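Undergrad: One structure follows; several queries about it will come next.
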Amino acid sequence: MGIGNFIKIIGRGKDGARALTREQAADLFGQVLDGAVTELEIGAFCLAMRIKGETPQEMAGFLDATAARLQPIPSHGRTVVVLPSYNGARKLPVLTPLLALLLAREGLPVVMHGASTESTRVSAQNVLAALAVPTKEAIDSIADGELQFIPTALLCPGLQRLLDVRRVVGLRNPAHSLVKLMNPCDGPALIVSSYTHPEYAAAMTATFQLVQAQALLLRGTEGEPVADPRRTPAMDAIARGQVTRVQEAQGGTLASVPGLPAPDVASTAAWIQAVLDGEQPVPTPIALQVAHIVRLVEATRTTA
């Protein structure tokens, strides 16, 4: 059928473009994920959305289409902590694996999903491998206290193809926002998500509210959903359409954290292991984040 009719709506520039309905967005994105459109149409879609920007209704439609094509992770009713990890690290060590392992140590089921989108960055996937946490090669159930790293291509090949467009055109597209919002499980989840610029916080919050997701939203570290070890960011909990500020931002920024490792894989993995072994302290911002996540998950267990 093609998506030319949708591109006419979204592709008329910043001032002339109109927003799609949730149903239209789901139709468009479903065709893209299914590979039912040409590469030219995919490029046009990506560039048009890059210029126009996604509305919460459009992003909800994109999530609907993705959910219908996802190979979900069986959770057997458990509330799973979901950590999308796509940015990696460049200047600071990527500490999303530390957050994930601390949460698993608290007895929570934890899913990290991701894909390398920039070859110049150190990925959380590689740090986990150095910590003897392998990348999953097949989807299976997750248990309490277990950490799984699942590549995006395993969850939804069409979504991975769309992420890969960035390597060709050099610009992000709706898939890069969507992966930070989606629930890859077949049951309830607490999505720990992050933004890099304040304007994204409002749009992400509105989308979480629209799709009735449970989430913890914070300004991430180089795009990763882990608190900056140098300064505690503000954190908002979203549940049943309501937003609650559970952590106020700390003023100022430390120039450095004593003992924080170099951002390469080996140094980061060794430091994380030292923290887990009690040889190094957990940075206070990450300890606070862990505590908030544990409380939010426990609240879902007691009110379900």
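Following the order of the structure tokens, first chain is A, next is B, and so on, with residues numbered from 1 inside each chain and ligands from 1 in the order they appear.
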Near segment 35-37 of chain A, within 12 Å and counting only C-alpha atoms, which residues show up once chain neighbours fewer than 4 positions away are dropped, as a list in words?
TA: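 These residues fall inside the cut-off: Met1, Gly2, Ile3, Gly4, Asp27, Leu28, Phe29, Gly30, Gln31, Glu41, Ile42, Gly43, Ala44, Phe45, Cys156, Pro157, Gly158, Leu159, Gln160, Arg161 and Leu162 of chain A.
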Undergrad: So which residues touch Leu288 of chain A within 12 Å, counting only C-alpha atoms, skipping near sequence neighbours fewer than 3 positions away, as a short mmCIF file (atom, residue, chain, number, x, y, z; two decimals) with N, CA and C atoms, in the first residue's frame?
TA:
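Below is the file that was written, around37.cif:
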data_model
loop_
_atom_site.label_atom_id
_atom_site.label_comp_id
_atom_site.auth_asym_id
_atom_site.auth_seq_id
_atom_site.Cartn_x
_atom_site.Cartn_y
_atom_site.Cartn_z
N LEU A 99 23.72 -0.44 37.90
CA LEU A 99 22.33 -0.25 38.33
C LEU A 99 21.55 -1.56 38.19
N LEU A 102 22.69 -4.21 40.80
CA LEU A 102 22.24 -3.85 42.15
C LEU A 102 20.75 -4.16 42.31
N LEU A 103 19.96 -3.90 41.27
CA LEU A 103 18.53 -4.19 41.33
C LEU A 103 18.28 -5.70 41.37
N VAL A 226 20.72 5.76 33.96
CA VAL A 226 21.35 5.62 35.26
C VAL A 226 21.72 7.01 35.76
N ALA A 227 21.55 7.22 37.06
CA ALA A 227 21.84 8.53 37.64
C ALA A 227 23.31 8.87 37.50
N ASP A 228 23.58 10.13 37.22
CA ASP A 228 24.96 10.62 37.13
C ASP A 228 25.62 10.48 38.50
N PRO A 229 26.74 9.75 38.59
CA PRO A 229 27.38 9.56 39.90
C PRO A 229 27.91 10.84 40.51
N ARG A 231 26.18 13.79 40.53
CA ARG A 231 25.12 14.68 40.99
C ARG A 231 23.79 13.95 40.88
N THR A 232 22.98 13.97 41.91
CA THR A 232 21.68 13.31 41.88
C THR A 232 20.70 14.11 41.04
N PRO A 233 20.14 13.53 39.98
CA PRO A 233 19.17 14.25 39.16
C PRO A 233 17.76 14.15 39.76
N ALA A 234 16.88 14.99 39.32
CA ALA A 234 15.47 14.86 39.69
C ALA A 234 14.93 13.57 39.08
N MET A 235 14.02 12.92 39.79
CA MET A 235 13.41 11.68 39.30
C MET A 235 11.91 11.76 39.50
N VAL A 246 9.69 12.04 42.98
CA VAL A 246 10.16 11.23 44.10
C VAL A 246 11.57 11.60 44.52
N GLN A 247 12.26 12.38 43.70
CA GLN A 247 13.63 12.79 44.04
C GLN A 247 13.89 14.18 43.48
N GLU A 248 14.24 15.10 44.35
CA GLU A 248 14.62 16.43 43.90
C GLU A 248 16.07 16.41 43.41
N ALA A 249 16.37 17.32 42.51
CA ALA A 249 17.73 17.40 41.97
C ALA A 249 18.68 17.98 43.01
N GLN A 250 19.88 17.47 43.00
CA GLN A 250 20.94 18.00 43.84
C GLN A 250 21.60 19.17 43.15
N VAL A 282 28.85 2.40 46.65
CA VAL A 282 27.91 2.72 45.59
C VAL A 282 27.75 4.24 45.55
N PRO A 283 27.92 4.88 44.41
CA PRO A 283 27.71 6.33 44.36
C PRO A 283 26.32 6.68 44.87
N THR A 284 26.23 7.72 45.67
CA THR A 284 24.96 8.08 46.31
C THR A 284 23.81 8.26 45.32
N PRO A 285 23.99 8.95 44.19
CA PRO A 285 22.87 9.09 43.26
C PRO A 285 22.32 7.75 42.77
N ALA A 291 16.95 2.64 45.42
CA ALA A 291 15.94 2.65 46.48
C ALA A 291 14.57 3.06 45.94
N HIS A 292 14.54 4.07 45.07
CA HIS A 292 13.26 4.50 44.49
C HIS A 292 12.65 3.39 43.63
N ILE A 293 13.47 2.73 42.85
CA ILE A 293 12.95 1.65 41.98
C ILE A 293 12.39 0.51 42.82
N VAL A 294 13.11 0.13 43.85
CA VAL A 294 12.63 -0.96 44.73
C VAL A 294 11.28 -0.59 45.33
N ARG A 295 11.14 0.64 45.82
CA ARG A 295 9.88 1.07 46.42
C ARG A 295 8.75 1.07 45.39
#
Undergrad: Can you work out which one of A:Leu98, A:Asn87, A:Arg172, A:Val192 has the shortest atom-to-atom distance to Pro281 of chain A, counting only C-alpha atoms?
TA: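 That would be A:Leu98, the residue with the smallest distance to Pro281 of chain A.
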Undergrad: Could you please determine the separation between atom CA of Ala25 of chain A and atom CA of Ala215 of chain A in Å, to one decimal place?
TA: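 Calculated distance between atom CA of Ala25 of chain A and atom CA of Ala215 of chain A is 22.6 Å.
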Undergrad: Near Phe208 of chain A, counting only C-alpha atoms, which residues have an atom at most 12 Å away, once you skip same-chain residues fewer than 2 positions from it, shown as an mmCIF file with C-alpha atoms, in the first residue's frame?
TA:
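Output contents, as saved in result.cif:
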data_model
loop_
_atom_site.group_PDB
_atom_site.id
_atom_site.type_symbol
_atom_site.label_atom_id
_atom_site.label_comp_id
_atom_site.auth_asym_id
_atom_site.auth_seq_id
_atom_site.Cartn_x
_atom_site.Cartn_y
_atom_site.Cartn_z
ATOM 1 C CA PRO A 56 2.503 11.793 22.262
ATOM 2 C CA GLN A 57 -0.412 10.448 20.178
ATOM 3 C CA MET A 59 4.428 7.889 19.745
ATOM 4 C CA ALA A 60 1.580 5.927 21.341
ATOM 5 C CA LEU A 63 4.287 1.789 20.478
ATOM 6 C CA LEU A 178 10.467 4.545 21.090
ATOM 7 C CA LYS A 180 13.218 4.254 25.672
ATOM 8 C CA LEU A 181 9.454 4.019 26.153
ATOM 9 C CA MET A 182 8.525 0.438 25.282
ATOM 10 C CA ASN A 183 7.707 -2.461 27.560
ATOM 11 C CA LEU A 190 8.601 -0.440 35.537
ATOM 12 C CA ILE A 191 10.390 1.306 32.690
ATOM 13 C CA VAL A 192 13.426 3.275 33.840
ATOM 14 C CA SER A 193 13.862 5.869 31.148
ATOM 15 C CA ALA A 201 11.016 15.120 29.451
ATOM 16 C CA ALA A 202 7.577 16.640 28.850
ATOM 17 C CA ALA A 203 6.943 14.614 25.699
ATOM 18 C CA MET A 204 8.079 11.361 27.306
ATOM 19 C CA THR A 205 5.958 12.000 30.395
ATOM 20 C CA ALA A 206 2.890 12.699 28.259
ATOM 21 C CA LEU A 210 -1.228 8.258 27.501
ATOM 22 C CA VAL A 211 -0.287 4.575 27.333
ATOM 23 C CA GLN A 212 -0.774 4.128 31.104
ATOM 24 C CA ALA A 213 2.785 2.938 31.635
ATOM 25 C CA GLN A 214 4.658 2.720 34.912
ATOM 26 C CA ALA A 215 7.980 4.506 34.710
ATOM 27 C CA LEU A 216 10.787 6.279 36.507
ATOM 28 C CA LEU A 217 12.027 9.179 34.399
ATOM 29 C CA ASP A 236 9.707 11.432 38.471
ATOM 30 C CA ALA A 237 7.535 8.369 38.992
ATOM 31 C CA ILE A 238 4.658 7.888 36.554
ATOM 32 C CA ALA A 239 1.822 5.497 37.370
ATOM 33 C CA ARG A 240 -1.879 5.378 36.457
ATOM 34 C CA GLY A 241 -1.448 8.604 34.529
ATOM 35 C CA GLN A 242 -0.165 10.507 37.554
ATOM 36 C CA VAL A 243 3.293 12.044 37.923
#
Undergrad: So which bits of segment 30-270 of chain A end up strand (DSSP E) when you DSSP the backbone, as a VMD selection string?
TA: chain A and resid 80 to 85 110 to 114 147 to 151 189 to 195 214 to 219 235 to 239 242 to 247
Undergrad: Write out as a ChimeraX atom specification each polymer residue whose atoms come within 6 Å of segment 149-152 of chain A, counting only C-alpha atoms; drop sequence neighbours fewer than 2 positions from it.
TA: /A:112-115,135-136,154-155,160
Undergrad: Once you have the residues from the selection above, write them out as a short mmCIF file (atom, residue, chain, number, x, y, z; two decimals), in the first residue's frame, restricted to N, CA, C and O atoms.
TA:
data_model
loop_
_atom_site.label_atom_id
_atom_site.label_comp_id
_atom_site.auth_asym_id
_atom_site.auth_seq_id
_atom_site.Cartn_x
_atom_site.Cartn_y
_atom_site.Cartn_z
N MET A 112 17.53 -5.63 30.56
CA MET A 112 18.16 -4.57 29.78
C MET A 112 18.01 -4.95 28.32
O MET A 112 18.25 -6.10 27.94
N HIS A 113 17.56 -4.01 27.52
CA HIS A 113 17.54 -4.26 26.08
C HIS A 113 18.28 -3.13 25.39
O HIS A 113 18.34 -2.00 25.90
N GLY A 114 18.88 -3.45 24.27
CA GLY A 114 19.66 -2.41 23.62
C GLY A 114 20.32 -2.86 22.34
O GLY A 114 20.24 -4.01 21.93
N ALA A 115 20.98 -1.90 21.74
CA ALA A 115 21.76 -2.11 20.52
C ALA A 115 22.75 -0.97 20.42
O ALA A 115 22.46 0.15 20.87
N THR A 135 24.87 -11.91 26.53
CA THR A 135 23.72 -11.45 25.76
C THR A 135 22.83 -12.64 25.42
O THR A 135 23.32 -13.69 25.00
N LYS A 136 21.53 -12.50 25.62
CA LYS A 136 20.61 -13.59 25.34
C LYS A 136 20.55 -13.88 23.84
O LYS A 136 20.59 -12.98 23.02
N LEU A 154 16.45 -9.26 18.61
CA LEU A 154 15.76 -10.46 19.08
C LEU A 154 14.30 -10.14 19.43
O LEU A 154 13.40 -10.95 19.22
N LEU A 155 14.09 -8.95 19.96
CA LEU A 155 12.74 -8.53 20.32
C LEU A 155 11.91 -8.19 19.10
O LEU A 155 10.73 -8.57 19.01
N GLN A 160 15.08 -3.04 14.89
CA GLN A 160 16.53 -2.95 14.74
C GLN A 160 16.90 -2.37 13.38
O GLN A 160 17.81 -1.54 13.27
#
Undergrad: Write out as a PyMOL selection string the residues lying within 7 Å of Pro188 of chain A, counting only C-alpha atoms and excluding same-chain residues fewer than 5 positions away.
TA: chain A and resi 77-80
Undergrad: Include N, CA and C atoms and write out the residues we just selected as a short mmCIF file (atom, residue, chain, number, x, y, z; two decimals), in the first residue's frame.
TA:
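Wrote out-v8.cif, looks like this:
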data_model
loop_
_atom_site.label_atom_id
_atom_site.label_comp_id
_atom_site.auth_asym_id
_atom_site.auth_seq_id
_atom_site.Cartn_x
_atom_site.Cartn_y
_atom_site.Cartn_z
N GLY A 77 3.59 -12.58 35.37
CA GLY A 77 2.93 -11.65 36.29
C GLY A 77 3.86 -10.82 37.14
N ARG A 78 5.17 -11.10 37.10
CA ARG A 78 6.11 -10.30 37.88
C ARG A 78 6.21 -8.89 37.28
N THR A 79 6.43 -7.91 38.13
CA THR A 79 6.75 -6.57 37.63
C THR A 79 8.23 -6.52 37.33
N VAL A 80 8.58 -6.37 36.07
CA VAL A 80 9.96 -6.41 35.62
C VAL A 80 10.51 -4.98 35.52
#
Undergrad: I need the residues of segment 18-152 of chain A that end up classed as alpha helix (DSSP H) by DSSP on the backbone, written out as a ChimeraX atom specification.
TA: /A:22-33,39-52,56-69,96-105,124-130,152
Undergrad: Determine, counting only C-alpha atoms, which protein, DNA and RNA residues have an atom within 9 Å of an atom of Gln273 of chain A; residues of the same chain fewer than 6 positions away are not included. Present the result as a list of chain:residue names.
TA: A:Leu98, A:Leu131, A:Glu279, A:Gln280
Undergrad: Can you write out the residues you just picked, keeping N, CA and C atoms, as a PDB file, in the first residue's frame?
TA:
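File produced: selection-v8.pdb:
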ATOM      1  N   LEU A  98      25.868  -1.550  36.448  1.00  0.00           N
ATOM      2  CA  LEU A  98      25.898  -1.508  37.909  1.00  0.00           C
ATOM      3  C   LEU A  98      24.482  -1.362  38.453  1.00  0.00           C
ATOM      4  N   LEU A 131      31.515  -8.804  32.684  1.00  0.00           N
ATOM      5  CA  LEU A 131      31.084  -9.190  34.026  1.00  0.00           C
ATOM      6  C   LEU A 131      30.409 -10.562  34.033  1.00  0.00           C
ATOM      7  N   GLU A 279      34.109  -3.345  47.916  1.00  0.00           N
ATOM      8  CA  GLU A 279      35.425  -2.719  47.990  1.00  0.00           C
ATOM      9  C   GLU A 279      35.381  -1.246  47.622  1.00  0.00           C
ATOM     10  N   GLN A 280      34.344  -0.840  46.915  1.00  0.00           N
ATOM     11  CA  GLN A 280      34.107   0.558  46.563  1.00  0.00           C
ATOM     12  C   GLN A 280      32.666   0.887  46.950  1.00  0.00           C
TER      13      GLN A 280
END
Undergrad: Using only C-alpha atoms for the distances, tell me which of A:Ala270, A:Val297, A:Leu33, A:Ile51 is nearest to Leu163 of chain A.
TA: A:Leu33
Undergrad: Considering only C-alpha atoms, state which residue in the set A:Ala26, A:Ala124, A:Cys46, A:Ala89 is at the smallest distance from Gly170 of chain A.
TA: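 Smallest separation from Gly170 of chain A among the options: A:Cys46.
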Undergrad: One decimal, Å: what's the distance from atom CA of Gln71 of chain A over to atom CA of Val32 of chain A, could you say?
TA: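 Atom-to-atom, atom CA of Gln71 of chain A and atom CA of Val32 of chain A are spaced 16.9 Å apart.
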Undergrad: To one decimal in Å, tell me the separation between atom CA of Lys52 of chain A and atom CA of Lys14 of chain A.
TA: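 If I compute the distance from atom CA of Lys52 of chain A to atom CA of Lys14 of chain A, I get 5.2 Å.
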Undergrad: Which is closer to Gln24 of chain A than all the others in A:Asn5, A:Gln289, A:Thr221, A:Ser141, using only C-alpha atoms?
TA: A:Asn5
